[in-house]
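One structure is given below, encoded as structure tokens.
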Amino acid sequence: MKTLTLPVGLPRSGKSTWAKAQGCPVVNPDAIRMVLHGTAFRPEAEPMVWAIAHTMVESLFEAGHDRVILDACNVSPRRRDEWRSKKWRTEYVLFRTSPEVCKERARANGQDYLL
């Protein structure tokens with residue numbers, strides 16, 4: 001059965017690094033945001049960002065991929081529940097990086113908006 005993998009963790013906890021190393025397609029809402037409006041976050045664009053992410057996940061499965069990763073924080077139950085489907089199995093990978101380490105990484109990368 002097709003599998004959608006949702007990493008779960010704080011920003012800068014290592015989810016993207018892990019996802020890239022898995023060798024399967026990755027859908028990244030942050031990349032969608034940059035393409036749409038060139039910034040990390042714009043509240044009024046969020047419905048479109050997530051609609052595109054959903055379309056991309058479904059398209060990748062339709063194209064024949066057995067596993068797709070949704071590289072987002074996925075920390076709220078509501079956000080995770082959005083990805084449940086009868087079309088695929090959903091699995092979770094938990095990243096338990098401490099908030100302090102995540103903040104240090106954000107500062108080091110000039111991402112103070114994440115603090």
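A note on labels: chains of the structure tokens are A, B, ... as shown, every chain counts residues from 1, and ligands are counted from 1 in their shown order.
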
Using only C-alpha atoms, find each residue of region 21-53 of chain A with at least one atom at most 10 Å away from an atom of region 59-64 of chain A; report its shortest atom-to-atom pair and that distance in Å (one decimal), sort the rows by chain and rising residue number, and return the result as a Markdown table.
| residue | atom | partner | partner_atom | distance |
| --- | --- | --- | --- | --- |
| A:Pro25 | CA | A:Leu60 | CA | 7.5 |
| A:Val26 | CA | A:Leu60 | CA | 9.4 |
| A:Val27 | CA | A:Leu60 | CA | 9.3 |
| A:Ala53 | CA | A:Ser59 | CA | 9.8 |

Give me the residues within 12 Å of Pro77 (chain A) as a list of chain:residue names, counting only C-alpha atoms and dropping any in the same chain fewer than 6 places off. A:Leu6, A:Val8, A:Trp83, A:Arg84, A:Tyr92

Given the selection you just returned, output its residues as a file containing all heavy atoms, formatted as a PDB file, in the first residue's frame.
ATOM      1  N   LEU A   6       4.821  11.440   7.554  1.00  0.00           N
ATOM      2  CA  LEU A   6       4.789  12.785   8.123  1.00  0.00           C
ATOM      3  C   LEU A   6       5.829  12.891   9.228  1.00  0.00           C
ATOM      4  O   LEU A   6       5.648  12.327  10.302  1.00  0.00           O
ATOM      5  CB  LEU A   6       3.407  13.097   8.719  1.00  0.00           C
ATOM      6  CG  LEU A   6       2.196  13.019   7.813  1.00  0.00           C
ATOM      7  CD1 LEU A   6       0.939  13.364   8.592  1.00  0.00           C
ATOM      8  CD2 LEU A   6       2.344  13.945   6.628  1.00  0.00           C
ATOM      9  N   VAL A   8       7.318  14.691  12.337  1.00  0.00           N
ATOM     10  CA  VAL A   8       6.661  15.522  13.339  1.00  0.00           C
ATOM     11  C   VAL A   8       7.743  16.118  14.230  1.00  0.00           C
ATOM     12  O   VAL A   8       8.491  15.384  14.873  1.00  0.00           O
ATOM     13  CB  VAL A   8       5.675  14.687  14.194  1.00  0.00           C
ATOM     14  CG1 VAL A   8       5.027  15.551  15.266  1.00  0.00           C
ATOM     15  CG2 VAL A   8       4.631  14.008  13.324  1.00  0.00           C
ATOM     16  N   TRP A  83      -4.220  14.698   6.632  1.00  0.00           N
ATOM     17  CA  TRP A  83      -3.490  13.845   5.692  1.00  0.00           C
ATOM     18  C   TRP A  83      -3.936  12.393   5.734  1.00  0.00           C
ATOM     19  O   TRP A  83      -3.393  11.570   5.008  1.00  0.00           O
ATOM     20  CB  TRP A  83      -1.990  13.975   5.937  1.00  0.00           C
ATOM     21  CG  TRP A  83      -1.572  15.365   5.601  1.00  0.00           C
ATOM     22  CD1 TRP A  83      -1.406  16.406   6.467  1.00  0.00           C
ATOM     23  CD2 TRP A  83      -1.340  15.882   4.303  1.00  0.00           C
ATOM     24  NE1 TRP A  83      -1.072  17.537   5.782  1.00  0.00           N
ATOM     25  CE2 TRP A  83      -1.018  17.250   4.446  1.00  0.00           C
ATOM     26  CE3 TRP A  83      -1.368  15.331   3.019  1.00  0.00           C
ATOM     27  CZ2 TRP A  83      -0.732  18.054   3.355  1.00  0.00           C
ATOM     28  CZ3 TRP A  83      -1.074  16.140   1.936  1.00  0.00           C
ATOM     29  CH2 TRP A  83      -0.763  17.483   2.104  1.00  0.00           C
ATOM     30  N   ARG A  84      -4.915  12.075   6.534  1.00  0.00           N
ATOM     31  CA  ARG A  84      -5.437  10.700   6.544  1.00  0.00           C
ATOM     32  C   ARG A  84      -6.292  10.487   5.306  1.00  0.00           C
ATOM     33  O   ARG A  84      -7.050  11.361   4.913  1.00  0.00           O
ATOM     34  CB  ARG A  84      -6.244  10.445   7.798  1.00  0.00           C
ATOM     35  CG  ARG A  84      -5.370  10.452   9.019  1.00  0.00           C
ATOM     36  CD  ARG A  84      -6.112  10.009  10.214  1.00  0.00           C
ATOM     37  NE  ARG A  84      -5.221  10.117  11.362  1.00  0.00           N
ATOM     38  CZ  ARG A  84      -5.547   9.775  12.557  1.00  0.00           C
ATOM     39  NH1 ARG A  84      -6.732   9.278  12.800  1.00  0.00           N
ATOM     40  NH2 ARG A  84      -4.684   9.905  13.533  1.00  0.00           N
ATOM     41  N   TYR A  92       4.117   8.226  10.919  1.00  0.00           N
ATOM     42  CA  TYR A  92       4.722   9.394  11.548  1.00  0.00           C
ATOM     43  C   TYR A  92       6.137   9.064  12.005  1.00  0.00           C
ATOM     44  O   TYR A  92       6.391   7.959  12.482  1.00  0.00           O
ATOM     45  CB  TYR A  92       3.891   9.836  12.752  1.00  0.00           C
ATOM     46  CG  TYR A  92       2.433  10.030  12.419  1.00  0.00           C
ATOM     47  CD1 TYR A  92       1.506   9.018  12.672  1.00  0.00           C
ATOM     48  CD2 TYR A  92       1.997  11.202  11.820  1.00  0.00           C
ATOM     49  CE1 TYR A  92       0.170   9.180  12.335  1.00  0.00           C
ATOM     50  CE2 TYR A  92       0.661  11.367  11.482  1.00  0.00           C
ATOM     51  CZ  TYR A  92      -0.247  10.363  11.741  1.00  0.00           C
ATOM     52  OH  TYR A  92      -1.563  10.514  11.403  1.00  0.00           O
TER      53      TYR A  92
END

> Out of A:Pro11, A:Pro29, A:Gly23, A:Pro99, which residue has the shortest atom-to-atom distance to Leu70 (chain A) when counting only C-alpha atoms?
Replying inline: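 Among the listed residues, the smallest separation from Leu70 (chain A) belongs to A:Pro29.
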
Can I get the residues of region 36-100 of chain A within 12 Å of region 106-113 of chain A, each with the closest pair of atoms and their distance in Å to one decimal, using only C-alpha atoms, sorted chain first then ascending number, as a tab-separated table?
residue	atom	partner	partner_atom	distance
A:Thr39	CA	A:Tyr113	CA	11.3
A:Ala40	CA	A:Tyr113	CA	9.0
A:Phe41	CA	A:Tyr113	CA	9.7
A:Pro99	CA	A:Ala106	CA	10.4
A:Glu100	CA	A:Ala106	CA	9.9

Can I get the selection written as an mmCIF file, in the first residue's frame, with N, CA and C atoms?
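Okay, result19.cif is ready:
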data_model
loop_
_atom_site.group_PDB
_atom_site.id
_atom_site.type_symbol
_atom_site.label_atom_id
_atom_site.label_comp_id
_atom_site.auth_asym_id
_atom_site.auth_seq_id
_atom_site.Cartn_x
_atom_site.Cartn_y
_atom_site.Cartn_z
ATOM 1 N N THR A 39 8.462 34.466 0.293
ATOM 2 C CA THR A 39 8.716 34.668 1.719
ATOM 3 C C THR A 39 8.388 33.386 2.481
ATOM 4 N N ALA A 40 8.877 33.334 3.717
ATOM 5 C CA ALA A 40 8.684 32.135 4.529
ATOM 6 C C ALA A 40 7.230 31.922 4.948
ATOM 7 N N PHE A 41 6.472 33.018 5.084
ATOM 8 C CA PHE A 41 5.094 32.857 5.558
ATOM 9 C C PHE A 41 4.289 34.102 5.232
ATOM 10 N N PRO A 99 13.815 22.312 22.113
ATOM 11 C CA PRO A 99 13.558 23.674 21.641
ATOM 12 C C PRO A 99 14.819 24.544 21.643
ATOM 13 N N GLU A 100 15.687 24.344 22.620
ATOM 14 C CA GLU A 100 16.913 25.137 22.699
ATOM 15 C C GLU A 100 17.804 24.890 21.483
#

Quick one: everything within 12 Å of Thr90 (chain A), counting only C-alpha atoms, minus sequence neighbours fewer than 2 positions away in the same chain. Send it as a list in words.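 The residues satisfying every condition are Met1, Lys2, Thr3, Leu4, Thr5, Leu6, Pro7, Val57, Asp66, Arg67, Val68, Ile69, Leu70, Arg80, Asp81, Glu82, Trp83, Arg84, Ser85, Lys86, Lys87, Trp88, Tyr92 and Val93 of chain A.
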